[in-house]
Amino acid sequence: MKIFVKMLAKVMLLLVVSISFAKAQQKNDLALIPQPSSLTLGTSAFKIDKQTILLLPKGDEHTALIKNFSEQLSGILKQEVKTDTKTSGKNFIQFSINKNLGSEAYKLQVTKQKIEIIAAKPAGWFYCWQTLVQIVRLNLQNGNAHQIPEVTITDEPKFAWRGLMIDVSRHFFDKAVLKRYIDQMSKYKLNVLHLHLTDNQGWRIEIKQLPKLTSVGAWRVPRTGYWSGMAAPEPGEAATYGGFYSQEDIKDLVNYAAKRFVDIVPEVDLPGHSLAFVAAYPEISCTKTPQQVLAGDPWNAKRTNVVCVGNDSTYTKIEQIIGELAEIFPSKYIHIGGDEVTRNYWSNCKVCQKRIQDEGLKNVDELQSYFVNRVAKMVKAKGKTPIGWYETLERGLDTGIVQMSWKDEKGAVKTSNEGHKVILTPAFLTYLDFYQGDPYLENAPFTVNRLSNSYKFNPLPEGINVKNVLGGQGSLWTEQVPNERKLQFMTWPRGLTLAENLWSAAPKPSWPVFLKKIESHLPLLTLDSTNYSAYFYDPIVIAKKDDNGEIVLTIDTEVPDVAVHYAFDDTDPDQFYPKYEGKAIAIPKGAKNIRMVSYRGDTQKSRIVKLPIAELKRRAKL
């Protein structure tokens, strides 16, 4: 009887431990980003050891994909994980087909004996593998990478278009940079890389029928510094800064991305944002005057950055461009731009005015619609779907043009109900060039999009026609992004919020819960040598006038469980300095700066934020 009681006690203890483990894991949801649609944890675990094999499916169609998985896992675990066509019956990872699942859907089933990766298509296998690898890498931080908890996950994406856009015109990023970017985005199930290939500051894609686009349009004089007011080229100064992708480069990139189930979508921005195009071929502009590619902003009367839409020869060149793009990019989409057009060139152009008269148009606004529709027709003639930036135009656009809504969600709501497919990238929620910390300390040219703000992005705003929403993306304009480390810094961890909002159909976690997940993934970014911003830890100071007209300061944070310490005496605070207690702070007489820092316990989490009192007083008056 005593033996039975002891055994029962042991069983009960194990059961309690197992249940506690399961509840803890369930509560943490394994910290997966994006959150799967359904996740159920068990009490046992699968152990990866030297005997574990990846079981190859029948046929050799997917052998390369599975072997790539094997190499990836071997690299993470620092031990070889072999592939084979047969198994002893236990300790294996199996790939199965379930044709009832969607093309990107998957099911992950982990038991003590095996791991089963189930999907209808290889894309589903790939996304299931990313989920499994996330679990392994998250466990790796706890020294337990070889133990995979018993779990059943069923998952599929909420949207087909889960994108990131890189502007490679303002600064050129070579193939190796883009490949590393593709690697990182694909780990979080982002599947579209939209390349903004042309703008006023450079033409980045080889068009063999128009060689001057790259021999002239891809280069500008070197400049470093702030975008606004950047010095124009000096007489005789050589244009040595820039670069472009050859068509062979693009084929290599496309192939690389396809193996990671990322679609590369090209954009040539027309009819505005076209100074590089005009510099290469001045005859396509209304003024036909020679131009130079600029490093900075071309918005002045002497810089013709708009093509002449009245001249048939303009369309001839555009058709050549579209034709070559269609051949080298297998994507079903080609983006044709269409935003921020300075139409006064057309108002003063006899050829454009004649076009308005000949086509029965009312004004230059309708002339822009005519142009976009005509170029879209070229794209469709090549079997592709045109995309354009949403602009408010008087004359209707072909409903076959996908509208990319960028100013806010209103454009997407409007055009989705008019029959257009839409992609959402509302600036104040998804633009990745917007600064992440206090504007005084940053060099971004526009406004703020903090990490917590980007998490608020809702790709299905009220009133939108849901069936016409393809998805959304984060858009990274690179006026102030001159190198790869800054490119990464501006993308991550905001890219994690995009991955969550565009993939996950599960109930959206609260911001504090999701923030804990982000913190779990920061070491993974470090392991990948991927730079990221930690500015979300920064104290946020707000200056305002109190009831007596005196300027006082309040301090906030994006992270709810950190303490903020501050100083007015021009010394750097630490955790022993005064702690902000949630009440307005009076500014001491004579103070020149406030310095603030956030701590979690004894660990410094933010940089020391130093702001001049004069700057804060200026804000209070505004």
# chains A, B, ... in the order shown; residues from 1 in each chain; ligands from 1
call {"tool": "select_by_dssp", "arguments": {"residues": "segment 237-433 of chain A", "states": "strand (DSSP E or B)", "output": "PyMOL selection string"}}
result
chain A and resi 241-242+245+263-270+285+307+333-337+385-389+402-405+422-424+431
call {"tool": "residues_around", "arguments": {"residues": "Leu460 of chain A", "least_positions_apart": "4", "cutoff": "9 Å", "atoms": "only C-alpha atoms", "output": "ChimeraX atom specification"}}
result
/A:409,413,424,464-466,469,471
call {"tool": "atom_distance", "arguments": {"atom1": "atom CA of Val375 of chain A", "atom2": "atom CA of Gly419 of chain A"}}
result
19.3 Å
call {"tool": "residues_around", "arguments": {"residues": "segment 260-263 of chain A", "least_positions_apart": "3", "cutoff": "10 Å", "atoms": "only C-alpha atoms", "output": "NGL selection string"}}
result
:A and (65 or 104 or 122-124 or 126-127 or 161-163 or 182-183 or 185-187 or 189-194 or 254-257 or 266 or 329-333)
call {"tool": "residues_around", "arguments": {"residues": "Ala238 of chain A", "least_positions_apart": "5", "cutoff": "12 Å", "atoms": "only C-alpha atoms", "output": "mmCIF file with C-alpha atoms, in the first residue's frame"}}
result
data_model
loop_
_atom_site.group_PDB
_atom_site.id
_atom_site.type_symbol
_atom_site.label_atom_id
_atom_site.label_comp_id
_atom_site.auth_asym_id
_atom_site.auth_seq_id
_atom_site.Cartn_x
_atom_site.Cartn_y
_atom_site.Cartn_z
ATOM 1 C CA VAL A 216 23.421 58.251 -67.240
ATOM 2 C CA TRP A 219 24.637 57.936 -61.350
ATOM 3 C CA ARG A 220 24.815 61.198 -59.439
ATOM 4 C CA VAL A 221 27.440 63.260 -57.673
ATOM 5 C CA PRO A 222 28.366 61.963 -54.200
ATOM 6 C CA ARG A 223 26.744 63.743 -51.278
ATOM 7 C CA PRO A 233 26.122 69.231 -58.751
ATOM 8 C CA GLN A 292 21.228 66.039 -64.098
ATOM 9 C CA VAL A 293 20.350 63.367 -61.597
#
call {"tool": "closest_residue", "arguments": {"among": "A:Gln403, A:Trp125, A:Cys308, A:Thr447", "to": "His62 of chain A", "atoms": "only C-alpha atoms"}}
result
A:Trp125
call {"tool": "residues_around", "arguments": {"residues": "Lys421 of chain A", "least_positions_apart": "3", "cutoff": "6 Å", "atoms": "only C-alpha atoms", "output": "list of chain:residue names"}}
result
A:Val402, A:Ser416, A:Asn468, A:Val469
call {"tool": "write_last_selection", "arguments": {"atoms": "all heavy atoms", "output": "compact mmCIF listing (two decimals), in the first residue's frame"}}
result
# COMPACT_ATOMS: atom_id res chain seq x y z
N VAL A 402 -4.56 47.78 -59.58
CA VAL A 402 -4.55 47.65 -58.12
C VAL A 402 -4.12 48.99 -57.52
O VAL A 402 -3.15 49.60 -57.95
CB VAL A 402 -3.59 46.53 -57.68
CG1 VAL A 402 -3.52 46.45 -56.16
CG2 VAL A 402 -4.01 45.20 -58.28
N SER A 416 -11.75 50.33 -53.07
CA SER A 416 -12.17 48.93 -52.91
C SER A 416 -13.66 48.80 -53.17
O SER A 416 -14.12 47.77 -53.69
CB SER A 416 -11.83 48.42 -51.51
OG SER A 416 -12.66 49.01 -50.52
N ASN A 468 -11.85 42.74 -51.72
CA ASN A 468 -10.92 43.39 -52.64
C ASN A 468 -9.59 43.78 -51.99
O ASN A 468 -8.76 44.45 -52.61
CB ASN A 468 -11.57 44.64 -53.24
CG ASN A 468 -12.57 44.30 -54.33
OD1 ASN A 468 -12.43 43.28 -55.00
ND2 ASN A 468 -13.58 45.14 -54.51
N VAL A 469 -9.36 43.35 -50.76
CA VAL A 469 -8.11 43.67 -50.07
C VAL A 469 -7.10 42.55 -50.30
O VAL A 469 -7.29 41.42 -49.86
CB VAL A 469 -8.34 43.88 -48.56
CG1 VAL A 469 -7.01 44.17 -47.86
CG2 VAL A 469 -9.32 45.01 -48.31
